[in-house]
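Read through the structure below, which is laid out as structure tokens, and then see the notes.
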Number of protein chains: 4
Amino acid sequence: MDWPSIISDIEHAVEPVRGQGTVANYIPALAAVDPNKFGLAVVLGDGQTFCIGDSEETFSIQSISKVFTLSMALRVVGDALWQRVGKEPSGSPFNSIVQLEAERGIPRNPLINAGAIVVTDHLVEQIGSPQTVTDLLDRLRTLAEDDSINIDESVAKSESLAGERNRALASFMKSYGNLNCSVEDTLSAYFAHCSIAMSCHQLARAALFLAFDGCDPLSGQQMVSNEACRRINAVMMSCGHYDNSGDFTYRIGLPGKSGVGGGILVIAPGHGAATVWSPGLNSAGTSAVGSVALETLVKATGWSVFV
Amino acid sequence: MDWPSIISDIEHAVEPVRGQGTVANYIPALAAVDPNKFGLAVVLGDGQTFCIGDSEETFSIQSISKVFTLSMALRVVGDALWQRVGKEPSGSPFNSIVQLEAERGIPRNPLINAGAIVVTDHLVEQIGSPQTVTDLLDRLRTLAEDDSINIDESVAKSESLAGERNRALASFMKSYGNLNCSVEDTLSAYFAHCSIAMSCHQLARAALFLAFDGCDPLSGQQMVSNEACRRINAVMMSCGHYDNSGDFTYRIGLPGKSGVGGGILVIAPGHGAATVWSPGLNSAGTSAVGSVALETLVKATGWSVFV
Amino acid sequence: MDWPSIISDIEHAVEPVRGQGTVANYIPALAAVDPNKFGLAVVLGDGQTFCIGDSEETFSIQSISKVFTLSMALRVVGDALWQRVGKEPSGSPFNSIVQLEAERGIPRNPLINAGAIVVTDHLVEQIGSPQTVTDLLDRLRTLAEDDSINIDESVAKSESLAGERNRALASFMKSYGNLNCSVEDTLSAYFAHCSIAMSCHQLARAALFLAFDGCDPLSGQQMVSNEACRRINAVMMSCGHYDNSGDFTYRIGLPGKSGVGGGILVIAPGHGAATVWSPGLNSAGTSAVGSVALETLVKATGWSVFV
Amino acid sequence: MDWPSIISDIEHAVEPVRGQGTVANYIPALAAVDPNKFGLAVVLGDGQTFCIGDSEETFSIQSISKVFTLSMALRVVGDALWQRVGKEPSGSPFNSIVQLEAERGIPRNPLINAGAIVVTDHLVEQIGSPQTVTDLLDRLRTLAEDDSINIDESVAKSESLAGERNRALASFMKSYGNLNCSVEDTLSAYFAHCSIAMSCHQLARAALFLAFDGCDPLSGQQMVSNEACRRINAVMMSCGHYDNSGDFTYRIGLPGKSGVGGGILVIAPGHGAATVWSPGLNSAGTSAVGSVALETLVKATGWSVFV
């Protein structure tokens with residue numbers, strides 16, 4: 001693999017679209033981010049790492065955290081998790097609370113807000129709200145080999161202040177008996193993990209185990225079972241990008257997860273993990289420039305799972 | 001790969017569930033099929049073929065035909081197709097009309113009924129209704145190296161008689177300007193291609209090109225472009241099993257397409273194609289026994305795209 | 001009641017809004033109508049008649065015909081009608097086909113398109129498609145004492161050509177077993193009765209029986225039973241103006257029915273019937289100027305049923 | 001009017017259905033009520049009062065309180081109220097959240113839960129949460145000439161404990177900017193007014209002003225303007241019984257409001273007010289026995305507004 005050439009391809013592809021998309025503005029801390037930021041990091045199974053641009057700068061990982069809470073919950077509660085959350089794409093952002101009503105409080109999948117709140121509720125029920133956050137941070141620091149990873153408290157505070165929609169989702173599920181802890185306990189952990197700040201480099205490194213059947217190839221540590229790993233990837237493929245998941249699968253062909261902070265994590269099974277960051281979002285909430293970069297990466301590497 | 005052992009595993013897995021599920025009963029010709037039928041065929045890139053049970057018996061391929069009309073349409077109209085149909089999972093049953101109203105006549109993807117009707121309308125507009133069917137049959141006969149492949153006329157007639165729901169979908173899209181031919185012209189081709197009868201063996205052979213970047217490895221013929229091939233696989237992964245697509249991806253981890261006749265086609269990129277048939281359906285319209293067989297096949301071969 | 005003063009009030013109220021609203025344009029014959037047309041006719045129980053403006057000019061009565069087919073069907077099939085159609089407001093134009101799916105082919109009420117198609121299907125099943133239209137015309141001519149009332153054939157032809165949405169609704173209900181005749185037989189009668197041309201004066205006269213417990217006070221003829229009459233009025237009150245019914249009840253306070261041709265019929269129980277016509281529609285499909293005129297009429301006469 | 005005969009008719013009609021329907025069970029205090037309870041009170045404009053059965057026993061008025069908070073809010077904020085809540089029937093169950101998402105936080109009408117929460121939020125914003133409750137109680141005591149009217153504190157506490165669904169609705173509206181006070185402040189007033197306990201006699205007396213254009217005929221006090229009164233009646237007619245409003249209008253033909261405590265209030269403009277109570281509910285949440293009683297009352301008195 002000619003990495004200097006691949007990196008050059010990506011830089012050329014990104015140049016003309018730099019700054020495109022709309023920066024998330026529902027909380028001030030996100031709205032203030034420079035739309036021209038762009039970073040990309042690729043970590044391979046042998047530890048080789050390739051970085052472009054702002055790949056060491058931390059950003060708000062937002063929904064990408066849902067992949068890590070899902071992997072924690074699968075360890076803690078196992079397949080019992082799937083009694084309280086589905087594995088199907090939601091079909092539509094418009095349907096977010098619609099389907100929750102039609103399906104009596106069972107969210108469609110663990111990567112939309114309602115589903116991730118249920119996943120968090122499982123963890124909070126087992127180990128409490130503060131410990132859930134502490135354990136997640138510990139896990140990320142170990143995986144990324146970087147103790148500086150932390151929550152951006154100003155983001156967490158803003159999330160809570162602007163969090164009426166998530167309170168509505170949590171209260172709604174509680175009314176159907178699908179929330180075991182209090183709305184505020186579960187949401188405080190949820191808001192905290194969405195507010196973790198990480199760099200592209202840290203994220204790609206931390207997620208590497210998902211490309212190698214659950215075992216981090218550098219430390220040798222088995223993070224989740226083989227089976228759980230495949231299934232996390234499957235759920236990312238089906239549901240990782242809101243109402244844009246089919247298009248993402250069509251264009252990129254890798255399991256992945258977007259966050260409204262502009263980050264996208266993708267897993268190339270057997271090869272490695274990559275994270276891209278650029279704050280401008282397309283209409284479905286996925287980084288516009290980031291998608292272009294990943295499309296180029298996949299074309300150049302032939303990493304699509306469909307080949 | 002120890003194929004005798006794999007086949008034995010599948011036979012053991014299927015034995016206890018044989019006959020499960022509910023046979024489709026909306027037309028008499030489908031309702032009359034013996035629920036205990038079970039066949040499986042695997043065709044590898046080097047032409048090796050492994051068969052179990054009723055793998056040479058023909059059955060109604062139903063929605064599996066949508067994969068082949070999609071590949072024809074991508075050749076005929078190219079990416080213009082995507083202006084009239086999406087790539088997103090529908091989050092709803094196969095014949096739902098709800099999202100068609102919310103999204104003003106643009107179906108969610110080409111593998112649900114409404115989307116396949118639009119795909120067919122493209123072909124009928126270009127080459128006429130009878131020629132669309134003739135070309136599809138020619139293509140399938142060539143790919144499967146079997147000139148006996150044909151339409152089951154009694155099924156086609158029943159489809160048309162019972163086809164009010166599809167007429168509703170077609171009329172509805174026409175009211176939004178998303179059908180260029182007459183409802184009956186487009187539907188006569190649609191009903192015909194859903195009524196094609198093929199065996200597991202024929203189907204797996206015919207779809208082999210999709211496992212090798214669009215090029216049939218045995219004849220050397222490029223059926224669709226590399227890119228189109230990856231994208232057909234991507235759409236199958238996201239949307240191939242109605243409102244069950246996420247669960248199928250989770251359990252099987254391969255691009256595939258179900259039909260209510262009880263057939264399921266799956267593509268193992270770089271390895272081969274497999275088709276299973278057993279008429280009993282689960283609540284989402286996918287073969288119940290067939291899913292178990294495929295789960296075993298994938299576990300034994302390690303063919304999941306997520307490894 | 002000082003009628004000259006009431007008429008003068010209405011003329012003053014209408015003057016500043018004359019020409020407002022958007023003329024229906026889905027068929028050419030409706031789009032061509034002069035938006036400045038305005039007519040009003042009031043017919044009292046003693047036969048006194050008050051007319052303003054273009055009250056003798058015929059226009060396309062469109063959905064107002066649904067009130068008369070409903071009254072015919074209640075005579076022919078009685079309460080059995082309510083097994084195939086509901087009495088509830090639909091909640092939303094957006095929901096028109098959504099609820100038809102959720103409620104398995106049973107339309108919400110007989111005054112939305114889907115419901116009126118079921119009502120027509122009942123009549124066509126009993127007496128055939130041409131006779132349904134003939135009987136309706138006979139009835140209207142007798143009631144209005146005017147043999148010139150007829151179908152505008154150019155409108156009927158346009159309705160059929162542009163009728164894919166209604167074909168979708170009919171096919172959809174047929175797929176649920178809620179249409180007994182063929183889609184085209186039922187729709188040909190439906191399109192014909194929507195295309196009847198009548199003047200404000202003719203319509204108000206023809207509907208007078210609905211203000212007097214089902215008995216036309218001038219001819220003495222009982223057109224429907226007392227009970228059926230009250231119920232037709234009740235359904236008009238709940239459901240007569242699409243997704244605008246609540247606002248109409250709030251502002252006007254009388255049972256009524258709008259048509260997209262710009263006509264509105266209202267019934268003042270115990271007093272008389274009134275029809276207004278002005279082609280410009282508000283966003284919910286009700287005549288904008290007509291609503292203003294009726295609001296003034298009701299304020300001046302104190303005819304609101306809520307006093 | 002032969003009242004002894006009317007009362008006898010009602011007693012006969014109710015006898016065979018006594019105890020039918022399902023008692024609301026979402027809070028213990030409601031579930032414990034004897035399903036055989038039945039009371040009816042009619043208060044006429046001259047003060048004559050007719051009572052049957054348990055007409056002096058208090059019950060939880062629940063959603064009937066929404067009529068009184070609406071009349072308070074129309075006095076306090078006037079037509080500005082309608083910028084934050086609609087006047088259309090919802091076409092959905094009383095606590096549905098679907099349309100609230102489609103219509104961006106604006107509830108369909110003030111008589112469903114979401115709408116009544118907005119009405120309460122207006123009052124709480126103007127005068128605070130405790131004063132809203134105090135003023136409402138004062139008003140009801142004055143109107144009913146009975147100082148014993150009060151909140152059932154055990155019901156109010158249960159409402160709050162079981163109130164996650166209403167918290168979801170309130171949080172959801174707040175996320176769209178349609179709640180000005182805090183969720184808990186607004187809901188504490190909302191839960192309190194739903195928990196008021198009144199008898200049939202007290203309720204019919206208190207609502208008498210709505211039958212006389214806003215002026216209580218016994219005290220001579222104008223409670224709301226003529227226009228507001230007609231409009232409150234109109235909204236009750238369109239939206240007073242959840243997804244059962246059309247059927248209620250069809251059968252009873254009077255403006256009314258149901259509560260899940262089993263009470264129904266109806267207004268007969270120009271005649272009087274009536275309240276019936278029987279705890280068993282039909283599938284739409286309206287008292288089953290109460291509906292039969294009111295249907296008989298209306299038939300015997302000829303009070304339908306459609307005559």
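Ordered as shown in the structure tokens, chains take letters A, B, and onward, while each chain numbers its residues from 1 and ligands are numbered from 1 in the order shown.
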Please check the contacts: residues of chain A at most 6 Å away from chain B, using only C-alpha atoms, listed as a list in words.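 Filtering chain A at 6 Å from chain B with only C-alpha atoms gives Lys87, Glu88, Ser90, Gly91, Arg230, Arg231, Ala234, Ser238, Gly246, Asp247, Thr249, Tyr250, Pro269, Val305, Phe306 and Val307 of chain A.
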DSSP on the backbone: what in stretch 108-227 of chain B comes out strand (DSSP E), as a list in words?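 Matching residues, listed in order: Asn150, Ile151, Ile196, Ala197 and Met198 of chain B.
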What does the structure give for the distance between atom CA of D:Ser96 and atom CA of D:His241, in Å to one decimal?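 Computing the Euclidean distance for atom CA of D:Ser96 and atom CA of D:His241 yields 13.7 Å.
Around B:Met173, within 10 Å and counting only C-alpha atoms, the residues found are Ile97, Leu100, Glu101, Arg104, Gly105, Ile106, Pro107, Ala114, Gly115, Ile117, Val118, Arg167, Ala168, Leu169, Gly177, Asn178, Leu179, Asn180 and Val183 of chain B; Glu164, Arg165 and Ala168 of chain C, once anything fewer than 4 positions away on its own chain is removed.
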Any chance you could export the current selection's N, CA and C atoms as an mmCIF file, in the first residue's frame?
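Below is the file part-v5.cif, written as the result:
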data_model
loop_
_atom_site.group_PDB
_atom_site.id
_atom_site.type_symbol
_atom_site.label_atom_id
_atom_site.label_comp_id
_atom_site.auth_asym_id
_atom_site.auth_seq_id
_atom_site.Cartn_x
_atom_site.Cartn_y
_atom_site.Cartn_z
ATOM 1 N N ILE B 97 -46.823 2.275 2.397
ATOM 2 C CA ILE B 97 -47.064 3.447 1.547
ATOM 3 C C ILE B 97 -46.837 4.743 2.330
ATOM 4 N N LEU B 100 -43.783 6.813 1.360
ATOM 5 C CA LEU B 100 -43.969 7.273 -0.008
ATOM 6 C C LEU B 100 -44.754 8.582 -0.027
ATOM 7 N N GLU B 101 -45.666 8.752 0.935
ATOM 8 C CA GLU B 101 -46.404 10.010 1.012
ATOM 9 C C GLU B 101 -45.517 11.099 1.605
ATOM 10 N N ARG B 104 -42.981 12.269 -0.915
ATOM 11 C CA ARG B 104 -43.540 12.725 -2.185
ATOM 12 C C ARG B 104 -43.232 11.802 -3.373
ATOM 13 N N GLY B 105 -43.480 10.521 -3.162
ATOM 14 C CA GLY B 105 -43.433 9.591 -4.296
ATOM 15 C C GLY B 105 -42.073 9.013 -4.623
ATOM 16 N N ILE B 106 -41.039 9.354 -3.854
ATOM 17 C CA ILE B 106 -39.699 8.790 -4.072
ATOM 18 C C ILE B 106 -39.513 7.619 -3.116
ATOM 19 N N PRO B 107 -39.461 6.393 -3.626
ATOM 20 C CA PRO B 107 -39.326 5.260 -2.702
ATOM 21 C C PRO B 107 -37.958 5.251 -2.045
ATOM 22 N N ALA B 114 -42.108 -0.585 -3.949
ATOM 23 C CA ALA B 114 -42.258 0.690 -4.650
ATOM 24 C C ALA B 114 -40.991 1.017 -5.436
ATOM 25 N N GLY B 115 -39.839 0.787 -4.829
ATOM 26 C CA GLY B 115 -38.580 1.088 -5.497
ATOM 27 C C GLY B 115 -38.336 0.190 -6.694
ATOM 28 N N ILE B 117 -40.577 -1.123 -8.506
ATOM 29 C CA ILE B 117 -41.510 -0.696 -9.560
ATOM 30 C C ILE B 117 -40.902 0.473 -10.330
ATOM 31 N N VAL B 118 -40.271 1.400 -9.632
ATOM 32 C CA VAL B 118 -39.598 2.522 -10.312
ATOM 33 C C VAL B 118 -38.434 2.004 -11.175
ATOM 34 N N ARG B 167 -50.661 -1.961 -7.395
ATOM 35 C CA ARG B 167 -51.308 -0.923 -8.215
ATOM 36 C C ARG B 167 -51.439 0.377 -7.437
ATOM 37 N N ALA B 168 -51.769 0.248 -6.139
ATOM 38 C CA ALA B 168 -51.867 1.447 -5.303
ATOM 39 C C ALA B 168 -50.512 2.161 -5.241
ATOM 40 N N LEU B 169 -49.440 1.411 -5.032
ATOM 41 C CA LEU B 169 -48.098 2.010 -4.962
ATOM 42 C C LEU B 169 -47.758 2.703 -6.291
ATOM 43 N N GLY B 177 -45.702 12.048 -10.187
ATOM 44 C CA GLY B 177 -44.838 12.196 -11.363
ATOM 45 C C GLY B 177 -43.637 11.273 -11.375
ATOM 46 N N ASN B 178 -43.650 10.229 -10.555
ATOM 47 C CA ASN B 178 -42.498 9.330 -10.506
ATOM 48 C C ASN B 178 -42.760 7.964 -11.154
ATOM 49 N N LEU B 179 -43.606 7.982 -12.205
ATOM 50 C CA LEU B 179 -43.788 6.775 -13.027
ATOM 51 C C LEU B 179 -43.986 7.288 -14.443
ATOM 52 N N ASN B 180 -43.129 6.869 -15.365
ATOM 53 C CA ASN B 180 -43.211 7.429 -16.722
ATOM 54 C C ASN B 180 -44.081 6.609 -17.658
ATOM 55 N N VAL B 183 -49.362 2.518 -15.528
ATOM 56 C CA VAL B 183 -49.338 1.624 -14.371
ATOM 57 C C VAL B 183 -49.350 0.169 -14.833
ATOM 58 N N GLU C 164 -54.735 9.834 -10.556
ATOM 59 C CA GLU C 164 -53.887 8.740 -10.059
ATOM 60 C C GLU C 164 -53.911 8.633 -8.540
ATOM 61 N N ARG C 165 -53.993 9.763 -7.892
ATOM 62 C CA ARG C 165 -54.038 9.721 -6.431
ATOM 63 C C ARG C 165 -55.285 8.987 -5.941
ATOM 64 N N ALA C 168 -54.888 5.385 -6.548
ATOM 65 C CA ALA C 168 -54.048 4.795 -5.493
ATOM 66 C C ALA C 168 -54.889 4.501 -4.250
#
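Residues in contact with C:Asn150 at 7 Å, where only C-alpha atoms are counted and same-chain residues fewer than 3 positions away are skipped, are listed as Leu137, Ile196 and Ala197 of chain C.
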Work out how far apart atom CA of B:Thr120 and atom CA of B:Ser171 are and give it in Å to one decimal. 14.3 Å
Which of stretch 28-199 of chain D fall in helix (DSSP H, G or I), as a ChimeraX atom specification: /D:28-31,62-76,78-83,98-102,113-127,129-144,153-161,164-175,183-194
Pick out the residues sitting within 10 Å of D:Cys181, and hand them over as a ChimeraX atom specification; count only C-alpha atoms, and ignore anything fewer than 6 positions along from it in its own chain. /D:118,120-126,128-129,174,187
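The list of residues with at least one atom within 9 Å of A:Asn282, based on only C-alpha atoms and without residues fewer than 4 positions apart in the same chain, reads Gln20, Gly21, Thr22, Thr286, Ser287, Ala288 and Val289 of chain A.
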I need the residues from that last selection saved to file as a short mmCIF file (atom, residue, chain, number, x, y, z; two decimals), in the first residue's frame (with all heavy atoms), if you can.
data_model
loop_
_atom_site.label_atom_id
_atom_site.label_comp_id
_atom_site.auth_asym_id
_atom_site.auth_seq_id
_atom_site.Cartn_x
_atom_site.Cartn_y
_atom_site.Cartn_z
N GLN A 20 -17.10 23.16 3.65
CA GLN A 20 -18.50 22.92 3.30
C GLN A 20 -19.29 22.32 4.46
O GLN A 20 -18.73 21.79 5.41
CB GLN A 20 -18.60 21.98 2.08
CG GLN A 20 -18.23 22.68 0.78
CD GLN A 20 -18.52 21.82 -0.43
OE1 GLN A 20 -18.90 20.67 -0.32
NE2 GLN A 20 -18.32 22.39 -1.62
N GLY A 21 -20.62 22.38 4.32
CA GLY A 21 -21.49 21.83 5.36
C GLY A 21 -21.82 22.88 6.40
O GLY A 21 -21.32 24.01 6.36
N THR A 22 -22.65 22.49 7.36
CA THR A 22 -23.13 23.41 8.38
C THR A 22 -22.69 22.92 9.74
O THR A 22 -22.96 21.77 10.10
CB THR A 22 -24.67 23.47 8.33
OG1 THR A 22 -25.08 23.75 7.00
CG2 THR A 22 -25.21 24.54 9.27
N THR A 286 -23.99 14.19 9.11
CA THR A 286 -22.69 13.55 8.94
C THR A 286 -21.71 14.57 8.34
O THR A 286 -22.09 15.36 7.47
CB THR A 286 -22.82 12.32 8.02
OG1 THR A 286 -23.70 11.39 8.63
CG2 THR A 286 -21.49 11.66 7.75
N SER A 287 -20.46 14.52 8.78
CA SER A 287 -19.46 15.47 8.27
C SER A 287 -19.38 15.41 6.74
O SER A 287 -19.11 14.35 6.16
CB SER A 287 -18.09 15.11 8.85
OG SER A 287 -17.08 15.89 8.23
N ALA A 288 -19.59 16.55 6.09
CA ALA A 288 -19.60 16.59 4.63
C ALA A 288 -18.20 16.35 4.07
O ALA A 288 -18.00 15.50 3.20
CB ALA A 288 -20.16 17.94 4.16
N VAL A 289 -17.23 17.08 4.56
CA VAL A 289 -15.85 16.94 4.09
C VAL A 289 -15.28 15.58 4.51
O VAL A 289 -14.58 14.92 3.74
CB VAL A 289 -14.99 18.10 4.62
CG1 VAL A 289 -13.53 17.91 4.24
CG2 VAL A 289 -15.52 19.44 4.11
#
With distances taken over only C-alpha atoms, the candidate from C:Leu140, C:Ala32, C:Ile52, C:Val23 nearest C:Leu203 is C:Leu140
For stretch 56-67 of chain D, find every residue with an atom within 6 Å (counting only C-alpha atoms), except residues of its own chain fewer than 5 positions away, and show them as a PyMOL selection string. chain D and resi 111+194-199+201+257-259+261
Go ahead and write the selection's residues with N, CA and C atoms as a compact mmCIF listing (two decimals), in the first residue's frame.
# COMPACT_ATOMS: atom_id res chain seq x y z
N LEU D 111 -57.42 20.59 24.34
CA LEU D 111 -58.12 19.58 25.13
C LEU D 111 -57.41 18.23 25.14
N CYS D 194 -55.86 18.48 37.22
CA CYS D 194 -56.46 17.20 36.81
C CYS D 194 -56.97 16.40 38.00
N SER D 195 -56.50 16.75 39.18
CA SER D 195 -56.82 15.97 40.38
C SER D 195 -57.95 16.58 41.21
N ILE D 196 -58.58 17.60 40.68
CA ILE D 196 -59.72 18.18 41.38
C ILE D 196 -60.84 17.15 41.46
N ALA D 197 -61.47 17.07 42.63
CA ALA D 197 -62.60 16.16 42.82
C ALA D 197 -63.88 16.98 42.85
N MET D 198 -64.84 16.61 42.02
CA MET D 198 -66.14 17.30 42.01
C MET D 198 -67.24 16.27 41.76
N SER D 199 -68.45 16.65 42.11
CA SER D 199 -69.60 15.78 41.82
C SER D 199 -70.23 16.20 40.49
N HIS D 201 -73.21 17.12 40.10
CA HIS D 201 -74.01 18.31 40.39
C HIS D 201 -73.13 19.56 40.36
N LYS D 257 -66.91 17.31 27.05
CA LYS D 257 -65.53 16.94 27.40
C LYS D 257 -65.55 15.73 28.32
N SER D 258 -64.75 14.73 27.96
CA SER D 258 -64.62 13.52 28.77
C SER D 258 -63.37 13.59 29.64
N GLY D 259 -63.40 12.85 30.73
CA GLY D 259 -62.21 12.65 31.55
C GLY D 259 -62.05 11.16 31.83
N GLY D 261 -61.48 9.79 34.49
CA GLY D 261 -62.13 9.43 35.74
C GLY D 261 -63.55 8.93 35.51
